[in-house]
file input18.cif (mmCIF, C-alpha atoms and all ligand atoms)
data_start
loop_
_atom_site.label_atom_id
_atom_site.label_comp_id
_atom_site.auth_asym_id
_atom_site.auth_seq_id
_atom_site.Cartn_x
_atom_site.Cartn_y
_atom_site.Cartn_z
CA MET A 1 -11.41 -16.99 4.68
CA ASN A 2 -10.05 -18.94 7.65
CA GLU A 3 -6.47 -20.21 7.93
CA ALA A 4 -7.24 -23.65 6.49
CA GLU A 5 -8.94 -22.09 3.46
CA LEU A 6 -6.06 -19.65 2.93
CA ARG A 7 -3.52 -22.49 3.09
CA GLN A 8 -5.48 -24.42 0.48
CA GLN A 9 -5.84 -21.31 -1.70
CA MET A 10 -2.04 -20.83 -1.67
CA VAL A 11 -1.47 -24.48 -2.63
CA ASP A 12 -4.09 -24.39 -5.41
CA LEU A 13 -3.09 -21.07 -7.01
CA ALA A 14 0.64 -21.88 -6.76
CA ARG A 15 -0.05 -25.16 -8.58
CA SER A 16 -2.08 -23.29 -11.19
CA MET A 17 0.79 -20.82 -11.78
CA PHE A 18 3.26 -23.73 -12.01
CA ASP A 19 1.07 -25.64 -14.46
CA ARG A 20 0.79 -22.58 -16.71
CA GLY A 21 4.53 -21.85 -16.71
CA TYR A 22 4.63 -18.79 -14.45
CA ALA A 23 6.96 -20.71 -12.10
CA THR A 24 9.50 -23.46 -12.67
CA GLY A 25 11.68 -25.62 -10.41
CA GLY A 26 12.04 -24.19 -6.91
CA ALA A 27 12.04 -20.53 -8.02
CA GLY A 28 9.90 -17.85 -6.42
CA ASN A 29 8.08 -17.52 -3.12
CA LEU A 30 4.65 -16.55 -1.83
CA SER A 31 3.15 -15.12 1.33
CA LEU A 32 -0.13 -13.89 2.74
CA LYS A 33 -1.36 -12.25 5.92
CA LEU A 34 -3.30 -14.59 8.23
CA PRO A 35 -6.39 -13.48 10.19
CA ASN A 36 -4.36 -13.64 13.47
CA GLY A 37 -1.70 -11.20 12.15
CA HIS A 38 0.92 -13.85 11.44
CA PHE A 39 2.13 -14.60 7.90
CA LEU A 40 1.92 -17.77 5.82
CA ALA A 41 4.92 -18.24 3.48
CA THR A 42 6.27 -20.87 1.14
CA PRO A 43 9.09 -22.99 2.58
CA THR A 44 12.57 -22.34 1.17
CA GLY A 45 13.37 -24.45 -1.88
CA SER A 46 9.77 -25.47 -2.48
CA SER A 47 8.21 -25.90 -5.91
CA PHE A 48 4.95 -24.07 -6.62
CA GLY A 49 3.77 -27.32 -8.21
CA ARG A 50 4.16 -29.43 -5.07
CA LEU A 51 3.24 -27.31 -2.04
CA VAL A 52 1.61 -29.12 0.91
CA ALA A 53 -0.85 -27.08 3.00
CA GLU A 54 0.40 -28.38 6.38
CA ASP A 55 4.07 -27.77 5.47
CA LEU A 56 3.64 -24.04 4.72
CA SER A 57 5.71 -21.83 7.03
CA VAL A 58 4.20 -19.44 9.57
CA VAL A 59 6.24 -16.44 10.73
CA ASP A 60 5.45 -13.45 12.91
CA LYS A 61 5.99 -9.84 11.85
CA ASN A 62 9.58 -9.98 13.11
CA GLY A 63 10.40 -13.04 11.02
CA ASN A 64 10.37 -15.53 13.90
CA HIS A 65 9.60 -18.99 12.56
CA LEU A 66 6.50 -20.27 14.38
CA SER A 67 5.53 -23.46 12.53
CA GLY A 68 5.83 -25.47 9.33
CA LYS A 69 8.98 -25.96 7.28
CA ARG A 70 11.84 -23.41 7.21
CA PRO A 71 10.50 -20.29 5.46
CA SER A 72 11.74 -18.74 2.22
CA LYS A 73 15.10 -16.97 2.49
CA GLU A 74 13.23 -13.90 1.17
CA VAL A 75 10.77 -13.70 4.05
CA ALA A 76 12.45 -10.47 5.25
CA PHE A 77 11.54 -8.60 2.09
CA HIS A 78 7.95 -9.87 2.28
CA LEU A 79 7.70 -8.59 5.88
CA ALA A 80 9.25 -5.23 4.94
CA ILE A 81 6.49 -4.70 2.37
CA TYR A 82 3.69 -5.71 4.78
CA GLU A 83 5.07 -3.32 7.40
CA LYS A 84 5.05 -0.33 5.05
CA ASP A 85 1.91 -1.10 2.99
CA PRO A 86 -1.26 -1.60 5.04
CA ASN A 87 -3.24 -2.40 1.85
CA CYS A 88 -0.98 -5.33 1.01
CA ASN A 89 -2.27 -8.69 2.28
CA ALA A 90 -0.44 -11.03 -0.11
CA ILE A 91 2.83 -11.12 -2.08
CA VAL A 92 3.97 -13.13 -5.11
CA HIS A 93 7.65 -13.32 -6.13
CA LEU A 94 8.33 -15.01 -9.47
CA HIS A 95 11.19 -15.74 -11.86
CA SER A 96 8.68 -15.68 -14.73
CA THR A 97 10.27 -15.63 -18.17
CA TYR A 98 9.44 -12.22 -19.60
CA LEU A 99 9.69 -10.21 -16.38
CA THR A 100 13.00 -11.84 -15.53
CA ALA A 101 14.28 -11.10 -19.05
CA LEU A 102 13.17 -7.50 -18.55
CA SER A 103 15.00 -7.38 -15.20
CA CYS A 104 18.26 -8.17 -17.04
CA LEU A 105 18.08 -5.28 -19.50
CA GLU A 106 20.48 -2.38 -19.16
CA ASN A 107 19.25 1.20 -18.82
CA LEU A 108 15.83 0.43 -17.32
CA ASP A 109 14.04 3.49 -15.95
CA PRO A 110 14.55 2.90 -12.19
CA ASN A 111 11.20 4.59 -11.47
CA ASN A 112 9.18 2.54 -13.97
CA ALA A 113 10.54 -0.35 -16.04
CA ILE A 114 7.38 -0.57 -18.19
CA LYS A 115 5.87 2.63 -19.54
CA ALA A 116 2.13 2.05 -19.91
CA PHE A 117 0.74 0.97 -23.27
CA THR A 118 -2.44 -0.83 -22.11
CA PRO A 119 -5.08 0.28 -19.59
CA TYR A 120 -5.24 -2.97 -17.59
CA TYR A 121 -1.55 -2.65 -16.69
CA VAL A 122 -2.29 0.79 -15.27
CA MET A 123 -5.39 -0.45 -13.44
CA ARG A 124 -3.70 -3.47 -11.85
CA VAL A 125 -0.06 -2.40 -11.43
CA GLY A 126 0.57 1.21 -12.47
CA GLU A 127 4.33 1.58 -12.27
CA LEU A 128 7.18 -0.87 -11.87
CA PRO A 129 10.16 0.56 -9.92
CA VAL A 130 13.48 -1.29 -10.15
CA VAL A 131 15.47 -2.45 -7.10
CA PRO A 132 19.22 -2.70 -7.91
CA TYR A 133 20.78 -6.16 -8.03
CA TYR A 134 21.55 -7.82 -4.69
CA ARG A 135 22.13 -11.55 -4.19
CA PRO A 136 18.94 -13.49 -3.36
CA GLY A 137 18.30 -13.40 0.39
CA SER A 138 20.31 -10.21 0.90
CA PRO A 139 18.92 -7.92 3.63
CA HIS A 140 19.49 -5.02 1.22
CA ILE A 141 16.46 -6.15 -0.80
CA ALA A 142 14.22 -5.62 2.23
CA GLU A 143 15.91 -2.27 3.03
CA ASP A 144 15.30 -0.94 -0.49
CA LEU A 145 11.74 -2.28 -0.67
CA ALA A 146 10.91 -0.64 2.67
CA LYS A 147 11.51 2.73 0.96
CA LEU A 148 9.20 1.90 -1.98
CA ALA A 149 6.41 -0.15 -0.37
CA GLY A 150 3.08 1.62 0.01
CA LYS A 151 3.81 3.80 -3.03
CA TYR A 152 3.81 0.98 -5.63
CA ARG A 153 1.98 -2.33 -6.15
CA ALA A 154 4.87 -4.19 -7.81
CA PHE A 155 8.67 -4.07 -7.96
CA LEU A 156 11.33 -5.48 -10.28
CA LEU A 157 14.50 -6.92 -8.73
CA ALA A 158 17.31 -6.29 -11.23
CA ASN A 159 18.77 -9.48 -12.73
CA HIS A 160 16.31 -11.52 -10.67
CA GLY A 161 12.53 -11.10 -11.12
CA PRO A 162 9.31 -9.40 -10.04
CA ILE A 163 7.55 -8.92 -6.70
CA ILE A 164 3.81 -8.29 -6.89
CA THR A 165 1.43 -7.31 -4.08
CA GLY A 166 -2.33 -7.68 -3.73
CA SER A 167 -5.26 -6.91 -1.46
CA ASP A 168 -5.60 -10.68 -1.06
CA PHE A 169 -3.84 -13.71 -2.49
CA LEU A 170 -6.08 -14.04 -5.54
CA ASP A 171 -5.59 -10.34 -6.32
CA ALA A 172 -1.78 -10.69 -6.05
CA VAL A 173 -1.80 -13.68 -8.41
CA ASP A 174 -4.03 -11.87 -10.92
CA ASN A 175 -1.75 -8.82 -10.74
CA ALA A 176 1.29 -11.05 -11.27
CA GLU A 177 -0.25 -12.68 -14.34
CA GLU A 178 -1.21 -9.30 -15.82
CA LEU A 179 2.32 -7.98 -15.23
CA GLU A 180 3.95 -11.02 -16.84
CA GLU A 181 1.69 -10.70 -19.90
CA THR A 182 2.53 -6.99 -20.11
CA ALA A 183 6.25 -7.84 -20.13
CA LYS A 184 5.60 -10.37 -22.90
CA LEU A 185 3.88 -7.64 -24.94
CA PHE A 186 6.80 -5.31 -24.19
CA PHE A 187 9.15 -7.74 -25.93
CA LEU A 188 6.70 -8.40 -28.78
CA LEU A 189 6.57 -4.65 -29.41
CA ALA A 190 10.34 -4.15 -29.23
CA ASN A 191 11.62 -2.11 -32.18
CA LYS A 192 8.04 -1.46 -33.37
CA PRO A 193 6.63 2.07 -33.28
CA THR A 194 4.41 1.97 -30.20
CA ARG A 195 1.70 4.34 -29.08
CA TYR A 196 2.11 4.66 -25.33
CA LEU A 197 -0.78 5.92 -23.22
CA THR A 198 -0.55 9.65 -22.65
CA ASP A 199 -0.10 11.09 -19.15
CA ASP A 200 -3.75 12.25 -19.26
CA GLU A 201 -4.92 8.76 -20.23
CA VAL A 202 -2.90 7.22 -17.40
CA THR A 203 -4.24 9.75 -14.89
CA ASP A 204 -7.80 9.04 -16.04
CA LEU A 205 -7.31 5.29 -15.40
CA LYS A 206 -5.76 5.67 -11.96
CA GLY A 207 -8.30 5.64 -9.18
CA ARG A 208 -10.96 3.94 -11.30
CA GLY A 209 -10.09 0.53 -9.82
CA LYS A 210 -10.00 -2.68 -11.82
O1 LIG A 301 16.02 -16.22 -6.27
C1 LIG A 301 16.06 -16.78 -5.16
O2 LIG A 301 16.96 -17.54 -4.79
C2 LIG A 301 14.87 -16.52 -4.23
O3 LIG A 301 14.43 -15.19 -4.38
C3 LIG A 301 13.76 -17.43 -4.68
O4 LIG A 301 13.05 -17.10 -5.60
C4 LIG A 301 13.60 -18.75 -4.04
O5 LIG A 301 14.10 -18.77 -2.72
P1 LIG A 301 13.31 -19.57 -1.58
O6 LIG A 301 11.98 -18.90 -1.41
O7 LIG A 301 14.16 -19.48 -0.36
O8 LIG A 301 13.13 -20.97 -2.10
ZN ZN A 302 13.89 -15.14 -6.48
#
call {"tool": "encode", "arguments": {"input": "input18.cif", "output": "structure tokens", "more": "lines below"}}
Ligand SMILES: O=C(O)[C@@H](O)C(=O)COP(=O)(O)O
Ligand SMILES: [Zn+2]
result
Amino acid sequence: MNEAELRQQMVDLARSMFDRGYATGGAGNLSLKLPNGHFLATPTGSSFGRLVAEDLSVVDKNGNHLSGKRPSKEVAFHLAIYEKDPNCNAIVHLHSTYLTALSCLENLDPNNAIKAFTPYYVMRVGELPVVPYYRPGSPHIAEDLAKLAGKYRAFLLANHGPIITGSDFLDAVDNAEELEETAKLFFLLANKPTRYLTDDEVTDLKGRGK
């Protein structure tokens, strides 16, 4: 896809997520890698329901603002992930209801906030490491993510929300939707005896793709 098509794809899929309740108000941010090596990102304070293709921000790999409106205050953590994960070409950060609720629970396993109970979660996401709470926009988020990126496809910011990567923008959005639905199931299953996938079942799923 060329830059114009990628801009339109970000506008259309952001609107779709907004319309289906995955994003509200001005929460969350999005980015993708452009064919020329620069990055397209949502402007700070923008609503997923009202993005304008020409207003989207372009930054270089060092975070220099090249064009469009002022980029998300989280652009540093997006760039930290791209730097460390060559398979990541798009990133979705949400404050979606169930994942954000999950991010506020005490005693989450820092290595994996959702132990697998369905195969599609394993195939699309795998594990969900937790980044400790830092205020939004803090450079510490990028520093912590730089240590995890490349090893995981999604991350949970404590008391904040999820970050999901993808091989392209559509893949990142699909992964984000799957992860949010998995968190919803997690709460539906709370206090119910649950059969988790065994380690052998998880290993069998990994590497099979989607
Ligand atoms: O939670 C926050 O404040 C940010 O992480 C966020 O989601 C929205 O910030 P901008 O992308 O700067 O609008
Ligand atoms: Zn946020």
call {"tool": "closest_atom_pairs", "arguments": {"input": "input18.cif", "of": "chain A", "to": "ligand ZN 302 (chain A)", "cutoff": "8 Å", "atoms": "all atoms listed in the file", "output": "Markdown table"}}
result
| residue | atom | partner | partner_atom | distance |
| --- | --- | --- | --- | --- |
| A:Ala27 | CA | A:ZN302 | ZN | 5.9 |
| A:Gly28 | CA | A:ZN302 | ZN | 4.8 |
| A:Asn29 | CA | A:ZN302 | ZN | 7.1 |
| A:Glu74 | CA | A:ZN302 | ZN | 7.8 |
| A:His93 | CA | A:ZN302 | ZN | 6.5 |
| A:Leu94 | CA | A:ZN302 | ZN | 6.3 |
| A:His95 | CA | A:ZN302 | ZN | 6.0 |
| A:Pro136 | CA | A:ZN302 | ZN | 6.2 |
| A:His160 | CA | A:ZN302 | ZN | 6.0 |
| A:Gly161 | CA | A:ZN302 | ZN | 6.3 |
call {"tool": "axis_aligned_box", "arguments": {"input": "input18.cif", "around": "segment 85-102 of chain A", "padding_each_side": "8 Å", "output": "AutoDock Vina command-line options"}}
result
--center_x 5.5 --center_y -8.4 --center_z -7.3 --size_x 33.5 --size_y 30.6 --size_z 40.6
call {"tool": "residues_near_ligand", "arguments": {"input": "input18.cif", "ligand": "ligand LIG 301 (chain A)", "cutoff": "12 Å", "atoms": "all atoms listed in the file", "output": "ChimeraX atom specification"}}
result
/A:23-31,41-48,51,56-57,69-78,92-96,100,133-139,141-142,156-163
call {"tool": "residues_around", "arguments": {"input": "input18.cif", "residues": "Asn111 of chain A", "least_positions_apart": "2", "cutoff": "12 Å", "atoms": "only C-alpha atoms", "output": "list in words"}}
result
Asn107, Leu108, Asp109, Ala113, Ile114, Lys115, Gly126, Glu127, Leu128, Pro129, Val130, Val131, Pro132, Leu148, Lys151, Tyr152, Ala154, Phe155 and Leu156 of chain A
call {"tool": "atom_distance", "arguments": {"input": "input18.cif", "atom1": "atom CA of Glu181 of chain A", "atom2": "atom CA of Glu143 of chain A"}}
result
28.3 Å
call {"tool": "residues_around", "arguments": {"input": "input18.cif", "residues": "segment 167-176 of chain A", "least_positions_apart": "5", "cutoff": "7 Å", "atoms": "all atoms listed in the file", "output": "PyMOL selection string"}}
result
chain A and resi 32+87-92+124-125
call {"tool": "write_last_selection", "arguments": {"input": "input18.cif", "atoms": "C-alpha atoms", "output": "PDB file, in the frame of the given file"}}
result
ATOM      1  CA  LEU A  32      -0.130 -13.890   2.740  1.00  0.00           C
ATOM      2  CA  ASN A  87      -3.240  -2.400   1.850  1.00  0.00           C
ATOM      3  CA  CYS A  88      -0.980  -5.330   1.010  1.00  0.00           C
ATOM      4  CA  ASN A  89      -2.270  -8.690   2.280  1.00  0.00           C
ATOM      5  CA  ALA A  90      -0.440 -11.030  -0.110  1.00  0.00           C
ATOM      6  CA  ILE A  91       2.830 -11.120  -2.080  1.00  0.00           C
ATOM      7  CA  VAL A  92       3.970 -13.130  -5.110  1.00  0.00           C
ATOM      8  CA  ARG A 124      -3.700  -3.470 -11.850  1.00  0.00           C
ATOM      9  CA  VAL A 125      -0.060  -2.400 -11.430  1.00  0.00           C
TER      10      VAL A 125
END
call {"tool": "closest_residue", "arguments": {"input": "input18.cif", "among": "A:Pro35, A:Gly207, A:Pro193, A:Gly150", "to": "Leu6 of chain A", "atoms": "only C-alpha atoms"}}
result
A:Pro35
call {"tool": "closest_residue", "arguments": {"input": "input18.cif", "among": "A:Thr182, A:Lys147, A:Asp85, A:Ala116", "to": "Thr194 of chain A", "atoms": "only C-alpha atoms"}}
result
A:Ala116
call {"tool": "residues_around", "arguments": {"input": "input18.cif", "residues": "Asp60 of chain A", "least_positions_apart": "3", "cutoff": "7 Å", "atoms": "all atoms listed in the file", "output": "list in words"}}
result
His38, Phe39, Gly63, Asn64 and His65 of chain A
call {"tool": "closest_residue", "arguments": {"input": "input18.cif", "among": "A:Ser16, A:Ser103, A:Asn62, A:Thr198", "to": "Glu83 of chain A", "atoms": "only C-alpha atoms"}}
result
A:Asn62
call {"tool": "closest_residue", "arguments": {"input": "input18.cif", "among": "A:Tyr120, A:Tyr196, A:Phe186, A:Tyr22", "to": "Lys210 of chain A", "atoms": "all atoms listed in the file"}}
result
A:Tyr120
call {"tool": "build_atoms", "arguments": {"input": "input18.cif", "residues": "segment 173-200 of chain A", "atoms": "N, CA and C atoms", "output": "PDB file, in the frame of the given file"}}
result
ATOM      1  N   VAL A 173      -2.066 -12.763  -7.289  1.00  0.00           N
ATOM      2  CA  VAL A 173      -1.800 -13.680  -8.410  1.00  0.00           C
ATOM      3  C   VAL A 173      -2.303 -13.075  -9.716  1.00  0.00           C
ATOM      4  N   ASP A 174      -3.501 -12.507  -9.692  1.00  0.00           N
ATOM      5  CA  ASP A 174      -4.030 -11.870 -10.920  1.00  0.00           C
ATOM      6  C   ASP A 174      -3.131 -10.709 -11.350  1.00  0.00           C
ATOM      7  N   ASN A 175      -2.662  -9.919 -10.397  1.00  0.00           N
ATOM      8  CA  ASN A 175      -1.750  -8.820 -10.740  1.00  0.00           C
ATOM      9  C   ASN A 175      -0.448  -9.353 -11.339  1.00  0.00           C
ATOM     10  N   ALA A 176       0.041 -10.456 -10.780  1.00  0.00           N
ATOM     11  CA  ALA A 176       1.290 -11.050 -11.270  1.00  0.00           C
ATOM     12  C   ALA A 176       1.112 -11.537 -12.710  1.00  0.00           C
ATOM     13  N   GLU A 177      -0.016 -12.176 -12.976  1.00  0.00           N
ATOM     14  CA  GLU A 177      -0.250 -12.680 -14.340  1.00  0.00           C
ATOM     15  C   GLU A 177      -0.367 -11.515 -15.325  1.00  0.00           C
ATOM     16  N   GLU A 178      -1.069 -10.466 -14.938  1.00  0.00           N
ATOM     17  CA  GLU A 178      -1.210  -9.300 -15.820  1.00  0.00           C
ATOM     18  C   GLU A 178       0.161  -8.684 -16.102  1.00  0.00           C
ATOM     19  N   LEU A 179       0.987  -8.588 -15.053  1.00  0.00           N
ATOM     20  CA  LEU A 179       2.320  -7.980 -15.230  1.00  0.00           C
ATOM     21  C   LEU A 179       3.193  -8.834 -16.138  1.00  0.00           C
ATOM     22  N   GLU A 180       3.150 -10.150 -15.974  1.00  0.00           N
ATOM     23  CA  GLU A 180       3.950 -11.020 -16.840  1.00  0.00           C
ATOM     24  C   GLU A 180       3.493 -10.896 -18.297  1.00  0.00           C
ATOM     25  N   GLU A 181       2.188 -10.846 -18.524  1.00  0.00           N
ATOM     26  CA  GLU A 181       1.690 -10.700 -19.900  1.00  0.00           C
ATOM     27  C   GLU A 181       2.090  -9.344 -20.478  1.00  0.00           C
ATOM     28  N   THR A 182       2.113  -8.312 -19.641  1.00  0.00           N
ATOM     29  CA  THR A 182       2.530  -6.990 -20.110  1.00  0.00           C
ATOM     30  C   THR A 182       3.999  -7.016 -20.528  1.00  0.00           C
ATOM     31  N   ALA A 183       4.836  -7.730 -19.766  1.00  0.00           N
ATOM     32  CA  ALA A 183       6.250  -7.840 -20.130  1.00  0.00           C
ATOM     33  C   ALA A 183       6.405  -8.611 -21.439  1.00  0.00           C
ATOM     34  N   LYS A 184       5.566  -9.621 -21.637  1.00  0.00           N
ATOM     35  CA  LYS A 184       5.600 -10.370 -22.900  1.00  0.00           C
ATOM     36  C   LYS A 184       5.273  -9.441 -24.070  1.00  0.00           C
ATOM     37  N   LEU A 185       4.243  -8.607 -23.904  1.00  0.00           N
ATOM     38  CA  LEU A 185       3.880  -7.640 -24.940  1.00  0.00           C
ATOM     39  C   LEU A 185       5.011  -6.641 -25.178  1.00  0.00           C
ATOM     40  N   PHE A 186       5.672  -6.237 -24.092  1.00  0.00           N
ATOM     41  CA  PHE A 186       6.800  -5.310 -24.190  1.00  0.00           C
ATOM     42  C   PHE A 186       7.844  -5.853 -25.164  1.00  0.00           C
ATOM     43  N   PHE A 187       8.148  -7.155 -25.035  1.00  0.00           N
ATOM     44  CA  PHE A 187       9.150  -7.740 -25.930  1.00  0.00           C
ATOM     45  C   PHE A 187       8.592  -7.936 -27.343  1.00  0.00           C
ATOM     46  N   LEU A 188       7.306  -8.264 -27.448  1.00  0.00           N
ATOM     47  CA  LEU A 188       6.700  -8.400 -28.780  1.00  0.00           C
ATOM     48  C   LEU A 188       6.725  -7.080 -29.535  1.00  0.00           C
ATOM     49  N   LEU A 189       6.624  -5.983 -28.786  1.00  0.00           N
ATOM     50  CA  LEU A 189       6.570  -4.650 -29.410  1.00  0.00           C
ATOM     51  C   LEU A 189       7.957  -4.042 -29.623  1.00  0.00           C
ATOM     52  N   ALA A 190       8.994  -4.728 -29.131  1.00  0.00           N
ATOM     53  CA  ALA A 190      10.340  -4.150 -29.230  1.00  0.00           C
ATOM     54  C   ALA A 190      10.663  -3.799 -30.669  1.00  0.00           C
ATOM     55  N   ASN A 191      11.232  -2.617 -30.854  1.00  0.00           N
ATOM     56  CA  ASN A 191      11.620  -2.110 -32.180  1.00  0.00           C
ATOM     57  C   ASN A 191      10.430  -1.807 -33.096  1.00  0.00           C
ATOM     58  N   LYS A 192       9.207  -1.835 -32.559  1.00  0.00           N
ATOM     59  CA  LYS A 192       8.040  -1.460 -33.370  1.00  0.00           C
ATOM     60  C   LYS A 192       7.536  -0.105 -32.852  1.00  0.00           C
ATOM     61  N   PRO A 193       7.153   0.778 -33.750  1.00  0.00           N
ATOM     62  CA  PRO A 193       6.630   2.070 -33.280  1.00  0.00           C
ATOM     63  C   PRO A 193       5.409   1.811 -32.392  1.00  0.00           C
ATOM     64  N   THR A 194       5.460   2.287 -31.175  1.00  0.00           N
ATOM     65  CA  THR A 194       4.410   1.970 -30.200  1.00  0.00           C
ATOM     66  C   THR A 194       3.730   3.250 -29.737  1.00  0.00           C
ATOM     67  N   ARG A 195       2.403   3.204 -29.667  1.00  0.00           N
ATOM     68  CA  ARG A 195       1.700   4.340 -29.080  1.00  0.00           C
ATOM     69  C   ARG A 195       1.523   4.060 -27.587  1.00  0.00           C
ATOM     70  N   TYR A 196       2.261   4.777 -26.776  1.00  0.00           N
ATOM     71  CA  TYR A 196       2.110   4.660 -25.330  1.00  0.00           C
ATOM     72  C   TYR A 196       0.899   5.470 -24.897  1.00  0.00           C
ATOM     73  N   LEU A 197       0.300   5.114 -23.761  1.00  0.00           N
ATOM     74  CA  LEU A 197      -0.780   5.920 -23.220  1.00  0.00           C
ATOM     75  C   LEU A 197      -0.218   7.288 -22.828  1.00  0.00           C
ATOM     76  N   THR A 198      -1.006   8.315 -23.038  1.00  0.00           N
ATOM     77  CA  THR A 198      -0.550   9.650 -22.650  1.00  0.00           C
ATOM     78  C   THR A 198      -0.666   9.810 -21.137  1.00  0.00           C
ATOM     79  N   ASP A 199      -0.003  10.832 -20.597  1.00  0.00           N
ATOM     80  CA  ASP A 199      -0.100  11.090 -19.150  1.00  0.00           C
ATOM     81  C   ASP A 199      -1.553  11.298 -18.745  1.00  0.00           C
ATOM     82  N   ASP A 200      -2.335  12.014 -19.573  1.00  0.00           N
ATOM     83  CA  ASP A 200      -3.750  12.250 -19.260  1.00  0.00           C
ATOM     84  C   ASP A 200      -4.526  10.935 -19.250  1.00  0.00           C
TER      85      ASP A 200
END
